[in-house]
>>> print(open('final-v4.txt').read())   # compact mmCIF, C-alpha atoms
# COMPACT_ATOMS: atom_id res chain seq x y z
CA MET A 1 -8.76 -28.08 12.19
CA ARG A 2 -6.49 -25.06 12.01
CA ASN A 3 -4.82 -24.63 8.62
CA ALA A 4 -1.74 -22.56 7.79
CA LEU A 5 -2.11 -19.42 5.67
CA SER A 6 0.76 -17.60 4.00
CA VAL A 7 1.54 -14.64 1.77
CA ASP A 8 4.65 -14.60 -0.42
CA VAL A 9 5.67 -10.93 -0.19
CA GLU A 10 7.10 -10.06 -3.58
CA ASP A 11 6.26 -7.41 -6.17
CA TRP A 12 4.65 -7.90 -9.56
CA PHE A 13 8.00 -7.82 -11.39
CA GLN A 14 9.73 -10.36 -9.12
CA VAL A 15 7.67 -13.43 -9.98
CA GLY A 16 8.97 -16.62 -11.55
CA ALA A 17 6.77 -16.11 -14.61
CA PHE A 18 8.80 -13.03 -15.60
CA GLU A 19 12.29 -14.11 -14.52
CA GLY A 20 13.31 -14.62 -18.16
CA THR A 21 11.84 -11.29 -19.25
CA ILE A 22 12.63 -8.76 -16.50
CA ASP A 23 16.26 -8.56 -15.39
CA ARG A 24 16.95 -8.17 -11.68
CA SER A 25 19.13 -5.16 -12.42
CA ASP A 26 15.99 -3.37 -13.65
CA TRP A 27 13.97 -3.95 -10.47
CA PRO A 28 14.88 -0.64 -8.74
CA ARG A 29 13.59 1.34 -11.73
CA LEU A 30 10.17 -0.33 -11.84
CA GLU A 31 7.02 0.84 -10.05
CA GLN A 32 6.90 -0.72 -6.58
CA ARG A 33 3.38 -1.72 -5.53
CA VAL A 34 4.17 -4.34 -2.89
CA GLU A 35 3.62 -2.13 0.16
CA ARG A 36 0.21 -0.92 -0.97
CA ASN A 37 -0.91 -4.41 -1.94
CA THR A 38 0.36 -5.99 1.28
CA ASN A 39 -1.42 -3.34 3.30
CA ALA A 40 -4.64 -4.31 1.52
CA VAL A 41 -4.04 -7.95 2.50
CA LEU A 42 -3.35 -6.95 6.11
CA ALA A 43 -6.65 -5.05 6.22
CA GLN A 44 -8.46 -8.06 4.79
CA PHE A 45 -6.94 -10.35 7.43
CA ALA A 46 -7.80 -7.88 10.20
CA ARG A 47 -11.46 -7.79 9.17
CA ALA A 48 -11.59 -11.60 9.32
CA GLY A 49 -9.58 -11.87 12.56
CA VAL A 50 -6.98 -14.10 10.88
CA THR A 51 -3.22 -14.32 11.42
CA ALA A 52 -0.81 -15.69 8.83
CA THR A 53 2.84 -16.01 7.82
CA PHE A 54 4.41 -13.52 5.42
CA PHE A 55 7.31 -15.13 3.53
CA THR A 56 9.20 -11.98 2.54
CA LEU A 57 12.02 -11.28 0.11
CA GLY A 58 15.09 -9.69 1.66
CA TRP A 59 15.00 -7.21 -1.25
CA VAL A 60 11.55 -6.05 -0.10
CA ALA A 61 12.51 -5.95 3.58
CA GLU A 62 15.46 -3.66 2.91
CA ARG A 63 13.28 -1.16 1.01
CA HIS A 64 10.11 -1.35 3.10
CA PRO A 65 11.10 -1.85 6.76
CA ALA A 66 7.95 -0.07 7.99
CA LEU A 67 5.86 -2.69 6.19
CA LEU A 68 7.69 -5.50 8.01
CA ARG A 69 7.11 -3.82 11.36
CA ARG A 70 3.43 -3.37 10.50
CA ILE A 71 3.10 -7.08 9.70
CA VAL A 72 4.61 -8.03 13.06
CA ALA A 73 2.57 -5.45 14.97
CA SER A 74 -0.58 -6.98 13.46
CA GLY A 75 0.23 -10.36 15.02
CA HIS A 76 1.58 -12.11 11.93
CA GLU A 77 4.77 -14.08 11.45
CA VAL A 78 7.52 -12.90 9.11
CA ALA A 79 9.67 -15.56 7.46
CA SER A 80 12.24 -15.73 4.67
CA HIS A 81 11.59 -16.06 0.95
CA GLY A 82 15.24 -15.60 0.00
CA VAL A 83 16.96 -12.40 -1.03
CA ALA A 84 15.78 -11.78 -4.59
CA HIS A 85 13.54 -14.69 -5.63
CA ARG A 86 16.38 -16.80 -6.99
CA ARG A 87 15.46 -20.47 -7.22
CA VAL A 88 17.39 -22.84 -4.98
CA SER A 89 17.95 -25.09 -8.00
CA ALA A 90 19.83 -22.19 -9.66
CA MET A 91 22.31 -21.93 -6.75
CA ASP A 92 25.11 -24.12 -5.51
CA ARG A 93 25.30 -25.03 -1.85
CA ALA A 94 27.59 -22.19 -0.80
CA THR A 95 25.51 -19.59 -2.64
CA PHE A 96 22.34 -20.91 -1.02
CA ARG A 97 23.97 -20.71 2.41
CA ALA A 98 24.84 -17.06 1.79
CA ASP A 99 21.35 -16.32 0.48
CA LEU A 100 19.82 -17.77 3.66
CA ALA A 101 22.05 -15.62 5.86
CA ASP A 102 21.57 -12.42 3.86
CA SER A 103 17.78 -12.72 3.62
CA ARG A 104 17.41 -13.50 7.31
CA LYS A 105 19.54 -10.51 8.30
CA ALA A 106 17.57 -8.13 6.06
CA ILE A 107 14.23 -9.34 7.41
CA GLU A 108 15.27 -9.44 11.06
CA ASP A 109 16.83 -5.96 10.83
CA ALA A 110 13.62 -4.58 9.31
CA ALA A 111 11.09 -6.44 11.47
CA GLY A 112 12.94 -6.60 14.78
CA VAL A 113 12.01 -10.26 15.38
CA ALA A 114 13.72 -13.61 14.83
CA VAL A 115 13.09 -15.51 11.58
CA THR A 116 12.58 -19.28 11.95
CA GLY A 117 10.75 -20.22 8.73
CA TYR A 118 11.74 -20.37 5.07
CA ARG A 119 10.04 -20.80 1.72
CA ALA A 120 12.10 -21.37 -1.41
CA PRO A 121 11.15 -19.16 -4.36
CA SER A 122 8.93 -21.14 -6.75
CA PHE A 123 8.97 -24.13 -4.35
CA SER A 124 12.44 -24.92 -5.71
CA ILE A 125 13.67 -27.42 -3.14
CA ASP A 126 13.45 -30.70 -5.04
CA ALA A 127 15.40 -33.77 -6.08
CA ARG A 128 18.10 -31.55 -7.66
CA THR A 129 18.95 -29.94 -4.29
CA PRO A 130 19.31 -32.80 -1.77
CA TRP A 131 21.56 -30.59 0.39
CA ALA A 132 19.05 -27.74 0.88
CA HIS A 133 17.30 -29.10 3.97
CA ALA A 134 20.64 -29.78 5.63
CA GLU A 135 21.65 -26.15 5.06
CA LEU A 136 18.36 -24.95 6.54
CA ALA A 137 18.86 -27.13 9.60
CA GLU A 138 22.46 -25.96 10.00
CA ALA A 139 21.28 -22.34 9.82
CA GLY A 140 18.82 -23.00 12.65
CA TYR A 141 15.51 -22.83 10.81
CA ALA A 142 12.61 -24.58 12.54
CA TYR A 143 10.61 -25.29 9.39
CA SER A 144 10.56 -24.98 5.63
CA SER A 145 7.61 -24.77 3.25
CA SER A 146 9.52 -25.22 0.03
CA VAL A 147 8.30 -28.46 -1.56
CA ALA A 148 5.45 -28.90 -4.07
CA PRO A 149 4.85 -32.67 -4.42
CA ILE A 150 3.45 -32.36 -7.94
CA VAL A 151 4.52 -32.50 -11.58
CA HIS A 152 4.78 -28.98 -13.00
CA ASP A 153 6.70 -27.39 -15.85
CA HIS A 154 8.34 -24.81 -13.53
CA TYR A 155 8.81 -26.75 -10.29
CA GLY A 156 7.79 -29.86 -8.39
CA TRP A 157 9.05 -32.90 -6.49
CA PRO A 158 6.37 -35.54 -7.16
CA GLU A 159 8.13 -38.21 -5.09
CA ALA A 160 8.07 -36.07 -1.92
CA PRO A 161 5.53 -36.67 0.86
CA ARG A 162 2.26 -34.76 0.55
CA PHE A 163 2.00 -33.95 4.27
CA PRO A 164 4.39 -32.53 6.92
CA TYR A 165 7.54 -34.57 7.46
CA ARG A 166 11.05 -34.41 8.85
CA PRO A 167 13.43 -34.51 5.87
CA LEU A 168 16.52 -35.23 8.01
CA PRO A 169 16.85 -38.11 10.49
CA ASP A 170 19.07 -36.11 12.84
CA SER A 171 17.19 -32.79 12.85
CA ALA A 172 13.91 -31.39 14.18
CA LEU A 173 13.49 -29.35 10.95
CA VAL A 174 9.98 -29.84 9.54
CA GLU A 175 9.02 -29.55 5.88
CA LEU A 176 5.45 -28.31 5.29
CA PRO A 177 4.58 -29.08 1.65
CA VAL A 178 2.02 -26.96 -0.15
CA THR A 179 -1.37 -28.71 -0.14
CA THR A 180 -2.28 -31.08 -2.96
CA ALA A 181 -5.28 -33.26 -3.79
CA ARG A 182 -5.42 -36.81 -5.11
CA ILE A 183 -7.87 -37.09 -8.00
CA ALA A 184 -8.16 -40.13 -10.28
CA GLY A 185 -4.73 -41.37 -9.25
CA ARG A 186 -3.04 -38.02 -9.88
CA THR A 187 -1.63 -35.49 -7.42
CA LEU A 188 -2.82 -31.99 -8.27
CA ALA A 189 -1.97 -28.59 -6.79
CA ALA A 190 -4.62 -27.34 -4.35
CA GLY A 191 -2.78 -24.93 -2.06
CA GLY A 192 -3.31 -21.54 -3.64
CA GLY A 193 -1.53 -19.33 -6.14
CA GLY A 194 -2.65 -19.36 -9.74
CA PHE A 195 -4.61 -22.58 -9.31
CA PHE A 196 -6.83 -20.96 -6.69
CA ARG A 197 -7.24 -17.80 -8.75
CA VAL A 198 -8.14 -19.49 -12.05
CA LEU A 199 -10.23 -22.47 -10.93
CA PRO A 200 -13.68 -22.17 -9.32
CA TYR A 201 -13.59 -21.51 -5.58
CA GLN A 202 -15.41 -24.79 -4.91
CA VAL A 203 -12.42 -26.79 -6.17
CA SER A 204 -10.07 -25.40 -3.52
CA ALA A 205 -12.72 -25.56 -0.80
CA TRP A 206 -13.33 -29.23 -1.59
CA ALA A 207 -9.60 -29.98 -1.49
CA ILE A 208 -9.13 -28.26 1.87
CA ARG A 209 -12.13 -30.02 3.40
CA ARG A 210 -10.87 -33.35 2.11
CA THR A 211 -7.39 -32.69 3.48
CA ASN A 212 -8.86 -31.84 6.90
CA ALA A 213 -11.62 -34.41 7.21
CA ALA A 214 -10.69 -37.44 5.11
CA GLU A 215 -6.90 -37.22 5.48
CA GLY A 216 -6.75 -35.66 8.94
CA GLN A 217 -4.14 -33.08 7.95
CA PRO A 218 -3.92 -29.28 8.02
CA ALA A 219 -3.89 -27.47 4.69
CA PHE A 220 -0.98 -25.21 3.72
CA PHE A 221 -2.12 -22.34 1.53
CA TYR A 222 -0.41 -19.37 -0.12
CA PHE A 223 -0.98 -16.38 -2.37
CA HIS A 224 0.81 -13.15 -3.33
CA PRO A 225 0.01 -9.46 -2.73
CA TRP A 226 0.15 -8.75 -6.48
CA GLU A 227 -2.73 -11.19 -6.98
CA VAL A 228 -5.16 -8.68 -5.44
CA ASP A 229 -3.92 -5.89 -7.74
CA PRO A 230 -5.69 -5.91 -11.14
CA GLY A 231 -4.24 -2.48 -11.93
CA GLN A 232 -0.61 -3.60 -12.00
CA PRO A 233 1.52 -2.97 -15.12
CA HIS A 234 1.42 -5.49 -17.95
CA VAL A 235 4.62 -7.11 -19.24
CA ALA A 236 3.94 -7.31 -22.95
CA GLY A 237 7.21 -9.06 -23.80
CA ALA A 238 6.65 -12.08 -21.58
CA PRO A 239 5.65 -15.45 -23.11
CA LEU A 240 1.91 -15.92 -23.61
CA ARG A 241 1.72 -18.77 -21.08
CA SER A 242 3.43 -16.63 -18.45
CA ARG A 243 1.07 -13.72 -19.07
CA LEU A 244 -1.98 -15.96 -18.86
CA ARG A 245 -0.78 -17.44 -15.58
CA HIS A 246 0.01 -14.08 -14.07
CA TYR A 247 -2.91 -11.89 -15.11
CA SER A 248 -5.89 -14.26 -15.31
CA ARG A 249 -8.81 -13.45 -12.98
CA LEU A 250 -6.98 -10.95 -10.79
CA ARG A 251 -10.26 -9.09 -10.21
CA THR A 252 -11.81 -12.14 -8.56
CA MET A 253 -9.00 -12.84 -6.11
CA ALA A 254 -9.89 -10.54 -3.19
CA GLY A 255 -13.44 -11.89 -3.05
CA LYS A 256 -12.26 -15.50 -3.16
CA ILE A 257 -9.81 -14.85 -0.34
CA ASP A 258 -12.63 -13.38 1.75
CA ARG A 259 -14.61 -16.59 1.31
CA LEU A 260 -11.58 -18.68 2.21
CA LEU A 261 -10.93 -16.69 5.38
CA HIS A 262 -14.50 -17.17 6.59
CA ASP A 263 -14.99 -20.81 5.52
CA PHE A 264 -11.95 -22.31 7.29
CA GLU A 265 -9.80 -21.88 10.39
CA TRP A 266 -6.40 -20.30 9.68
CA GLY A 267 -3.21 -19.58 11.59
CA ARG A 268 0.50 -18.90 11.27
CA TYR A 269 2.90 -21.50 9.89
CA ASP A 270 5.04 -21.51 13.02
CA ALA A 271 2.02 -22.35 15.18
CA VAL A 272 0.76 -25.10 12.88
CA ALA A 273 4.28 -26.57 12.65
CA ALA A 274 4.57 -26.57 16.43
CA ALA A 275 1.19 -28.29 16.77
CA TRP A 276 2.23 -30.93 14.26
CA ARG A 277 5.36 -31.70 16.30
>>> encode(input="final-v4.txt", output="structure tokens")
Amino acid sequence: MRNALSVDVEDWFQVGAFEGTIDRSDWPRLEQRVERNTNAVLAQFARAGVTATFFTLGWVAERHPALLRRIVASGHEVASHGVAHRRVSAMDRATFRADLADSRKAIEDAAGVAVTGYRAPSFSIDARTPWAHAELAEAGYAYSSSVAPIVHDHYGWPEAPRFPYRPLPDSALVELPVTTARIAGRTLAAGGGGFFRVLPYQVSAWAIRRTNAAEGQPAFFYFHPWEVDPGQPHVAGAPLRSRLRHYSRLRTMAGKIDRLLHDFEWGRYDAVAAAWR
């Protein structure tokens, strides 16, 4: 079964873990490492013969248009991750509508291709934003991958379906939730990010195999370019929990991704969404 692989293209200072520590107005003055790190990911994908979807911030697209063109030229999909990693739950409906339009324009201008997919920063489409899918459909998006059907202290919509679904009865828009696993009656995250980095590789591999074989569904997996960069700056003023989440086991990540690329079949989100339809 072909699974969907994605990269959330954001820099080390733009993550949710540091949103209460690093102000957005300071971003232009900080060391930008996203292009170098994303190039390393592109090289890794090329060696494995894998294509993926790169959910990109509009902020990054405006400053690194050559990177967006390189992603497209390598056969990958570019999609929207919002303008500046602002959670949907922190916006009202009109602000979200503007964020969708602004991020799409920045990415399309940089990449030279149409954007049809969206991922909310920090998987922040949830029960607090019942209007978000309607706005995505109205804007003409084909799919979203913005829901994490788990309980988490930063995000989560535990009541949401675990597998692809149409959130609106009158729209073809598809929601592709990040992969989870059912263990002892609990739904646990199993689709990448910090969970993949911190836990043994075998845990994620088991979850993906179970999703494919036992549940008959594709897996939806993600990680970030900064996760393959152990030399990135350290944010000493961030809360301890945030620092542990962000910096733990960065040196192991590239090797684990290599294993993942070779152990499973991977493709772009737009292709997997189309196959699901």
>>> residues_around(input="final-v4.txt", residues="Asp229 of chain A", least_positions_apart="5", cutoff="12 Å", atoms="all atoms listed in the file", output="PyMOL selection string")
chain A and resi 11-12+33-41+224+234+246-254
>>> atom_distance(input="final-v4.txt", atom1="atom CA of Glu135 of chain A", atom2="atom CA of Arg97 of chain A")
6.5 Å
>>> closest_residue(input="final-v4.txt", among="A:Asp102, A:Glu265, A:Asp126, A:Glu159", to="Asn212 of chain A", atoms="all atoms listed in the file")
A:Glu265
>>> closest_atom_pairs(input="final-v4.txt", of="segment 207-256 of chain A", to="segment 188-194 of chain A", cutoff="12 Å", atoms="only C-alpha atoms", output="CSV")
residue,atom,partner,partner_atom,distance
A:Ala207,CA,A:Ala190,CA,6.3
A:Ile208,CA,A:Ala190,CA,7.7
A:Arg209,CA,A:Ala190,CA,11.1
A:Arg210,CA,A:Ala190,CA,10.8
A:Thr211,CA,A:Ala190,CA,9.9
A:Pro218,CA,A:Gly191,CA,11.0
A:Ala219,CA,A:Gly191,CA,7.3
A:Phe220,CA,A:Gly191,CA,6.1
A:Phe221,CA,A:Gly191,CA,4.5
A:Tyr222,CA,A:Gly192,CA,5.1
A:Phe223,CA,A:Gly193,CA,4.8
A:His224,CA,A:Gly193,CA,7.2
A:Pro225,CA,A:Gly193,CA,10.6
A:Trp226,CA,A:Gly193,CA,10.7
A:Glu227,CA,A:Gly193,CA,8.3
A:Val228,CA,A:Gly193,CA,11.3
A:Ser242,CA,A:Gly194,CA,11.0
A:Arg243,CA,A:Gly194,CA,11.5
A:Leu244,CA,A:Gly194,CA,9.8
A:Arg245,CA,A:Gly194,CA,6.4
A:His246,CA,A:Gly194,CA,7.3
A:Tyr247,CA,A:Gly194,CA,9.2
A:Ser248,CA,A:Gly194,CA,8.2
A:Arg249,CA,A:Gly194,CA,9.1
A:Leu250,CA,A:Gly194,CA,9.5
A:Thr252,CA,A:Gly194,CA,11.7
A:Met253,CA,A:Gly194,CA,9.8
A:Lys256,CA,A:Gly192,CA,10.8
>>> residues_around(input="final-v4.txt", residues="Arg24 of chain A", least_positions_apart="5", cutoff="9 Å", atoms="only C-alpha atoms", output="list in words")
Phe13, Gln14, Glu19 and Ala84 of chain A
>>> atom_distance(input="final-v4.txt", atom1="atom CA of Tyr141 of chain A", atom2="atom CA of Thr116 of chain A")
4.7 Å
>>> closest_residue(input="final-v4.txt", among="A:Phe123, A:Tyr269, A:Phe196, A:Trp206", to="Ser146 of chain A", atoms="all atoms listed in the file")
A:Phe123
>>> closest_residue(input="final-v4.txt", among="A:Ser124, A:Thr53, A:Ser25, A:Arg70", to="Val88 of chain A", atoms="all atoms listed in the file")
A:Ser124
>>> atom_distance(input="final-v4.txt", atom1="atom CA of Val7 of chain A", atom2="atom CA of Val174 of chain A")
19.0 Å
>>> residues_around(input="final-v4.txt", residues="Thr21 of chain A", least_positions_apart="5", cutoff="9 Å", atoms="only C-alpha atoms", output="ChimeraX atom specification")
/A:235,237-239
>>> residues_around(input="final-v4.txt", residues="Glu108 of chain A", least_positions_apart="3", cutoff="12 Å", atoms="only C-alpha atoms", output="list of chain:residue names")
A:Thr56, A:Leu57, A:Gly58, A:Ala61, A:Glu62, A:Pro65, A:Leu68, A:Arg69, A:Val72, A:Glu77, A:Val78, A:Ala79, A:Ser80, A:Ala101, A:Asp102, A:Ser103, A:Arg104, A:Lys105, A:Ala111, A:Gly112, A:Val113, A:Ala114, A:Val115, A:Thr116, A:Gly117
>>> residues_around(input="final-v4.txt", residues="Leu260 of chain A", least_positions_apart="5", cutoff="9 Å", atoms="all atoms listed in the file", output="ChimeraX atom specification")
/A:201,204-205,255,265
>>> decode(input="final-v4.txt", residues="segment 11-32 of chain A", atoms="N, CA and C atoms", output="CSV table (one decimal), in the first residue's frame")
chain,number,residue,atom,x,y,z
A,11,ASP,N,11.2,26.8,9.8
A,11,ASP,CA,12.5,26.9,10.4
A,11,ASP,C,12.5,26.6,11.9
A,12,TRP,N,13.6,26.5,12.5
A,12,TRP,CA,13.7,26.0,13.9
A,12,TRP,C,13.0,27.0,14.9
A,13,PHE,N,12.9,28.3,14.5
A,13,PHE,CA,12.4,29.3,15.4
A,13,PHE,C,10.9,29.5,15.2
A,14,GLN,N,10.3,28.8,14.3
A,14,GLN,CA,8.9,29.0,13.9
A,14,GLN,C,7.9,27.9,14.5
A,15,VAL,N,8.5,27.0,15.3
A,15,VAL,CA,7.7,25.9,15.8
A,15,VAL,C,6.7,26.2,16.9
A,16,GLY,N,5.7,25.4,17.1
A,16,GLY,CA,4.7,25.7,18.1
A,16,GLY,C,5.3,25.6,19.5
A,17,ALA,N,6.4,24.8,19.7
A,17,ALA,CA,7.0,24.7,21.0
A,17,ALA,C,7.6,26.1,21.5
A,18,PHE,N,8.0,26.9,20.6
A,18,PHE,CA,8.6,28.2,20.9
A,18,PHE,C,7.7,29.4,20.7
A,19,GLU,N,6.4,29.2,20.4
A,19,GLU,CA,5.6,30.3,20.0
A,19,GLU,C,5.4,31.3,21.2
A,20,GLY,N,5.5,30.8,22.4
A,20,GLY,CA,5.4,31.7,23.6
A,20,GLY,C,6.7,32.3,24.0
A,21,THR,N,7.8,31.9,23.3
A,21,THR,CA,9.2,32.4,23.7
A,21,THR,C,9.8,33.3,22.7
A,22,ILE,N,9.6,33.0,21.4
A,22,ILE,CA,10.2,33.8,20.3
A,22,ILE,C,9.1,34.5,19.6
A,23,ASP,N,9.1,35.8,19.6
A,23,ASP,CA,8.1,36.6,18.9
A,23,ASP,C,8.3,36.6,17.4
A,24,ARG,N,7.2,36.6,16.7
A,24,ARG,CA,7.3,36.6,15.2
A,24,ARG,C,8.0,37.8,14.7
A,25,SER,N,8.0,39.0,15.4
A,25,SER,CA,8.7,40.1,14.9
A,25,SER,C,10.2,39.9,14.9
A,26,ASP,N,10.7,39.0,15.7
A,26,ASP,CA,12.1,38.7,15.8
A,26,ASP,C,12.6,37.7,14.7
A,27,TRP,N,11.7,37.0,14.0
A,27,TRP,CA,12.0,36.0,13.0
A,27,TRP,C,13.1,36.5,12.0
A,28,PRO,N,12.9,37.7,11.4
A,28,PRO,CA,13.9,38.1,10.3
A,28,PRO,C,15.3,38.3,10.8
A,29,ARG,N,15.5,38.4,12.1
A,29,ARG,CA,16.8,38.7,12.7
A,29,ARG,C,17.5,37.4,13.1
A,30,LEU,N,16.8,36.2,13.1
A,30,LEU,CA,17.3,35.0,13.5
A,30,LEU,C,18.0,34.2,12.3
A,31,GLU,N,18.9,33.3,12.7
A,31,GLU,CA,19.6,32.6,11.6
A,31,GLU,C,18.6,31.6,10.9
A,32,GLN,N,18.6,31.8,9.6
A,32,GLN,CA,17.7,30.9,8.8
A,32,GLN,C,18.4,29.7,8.3
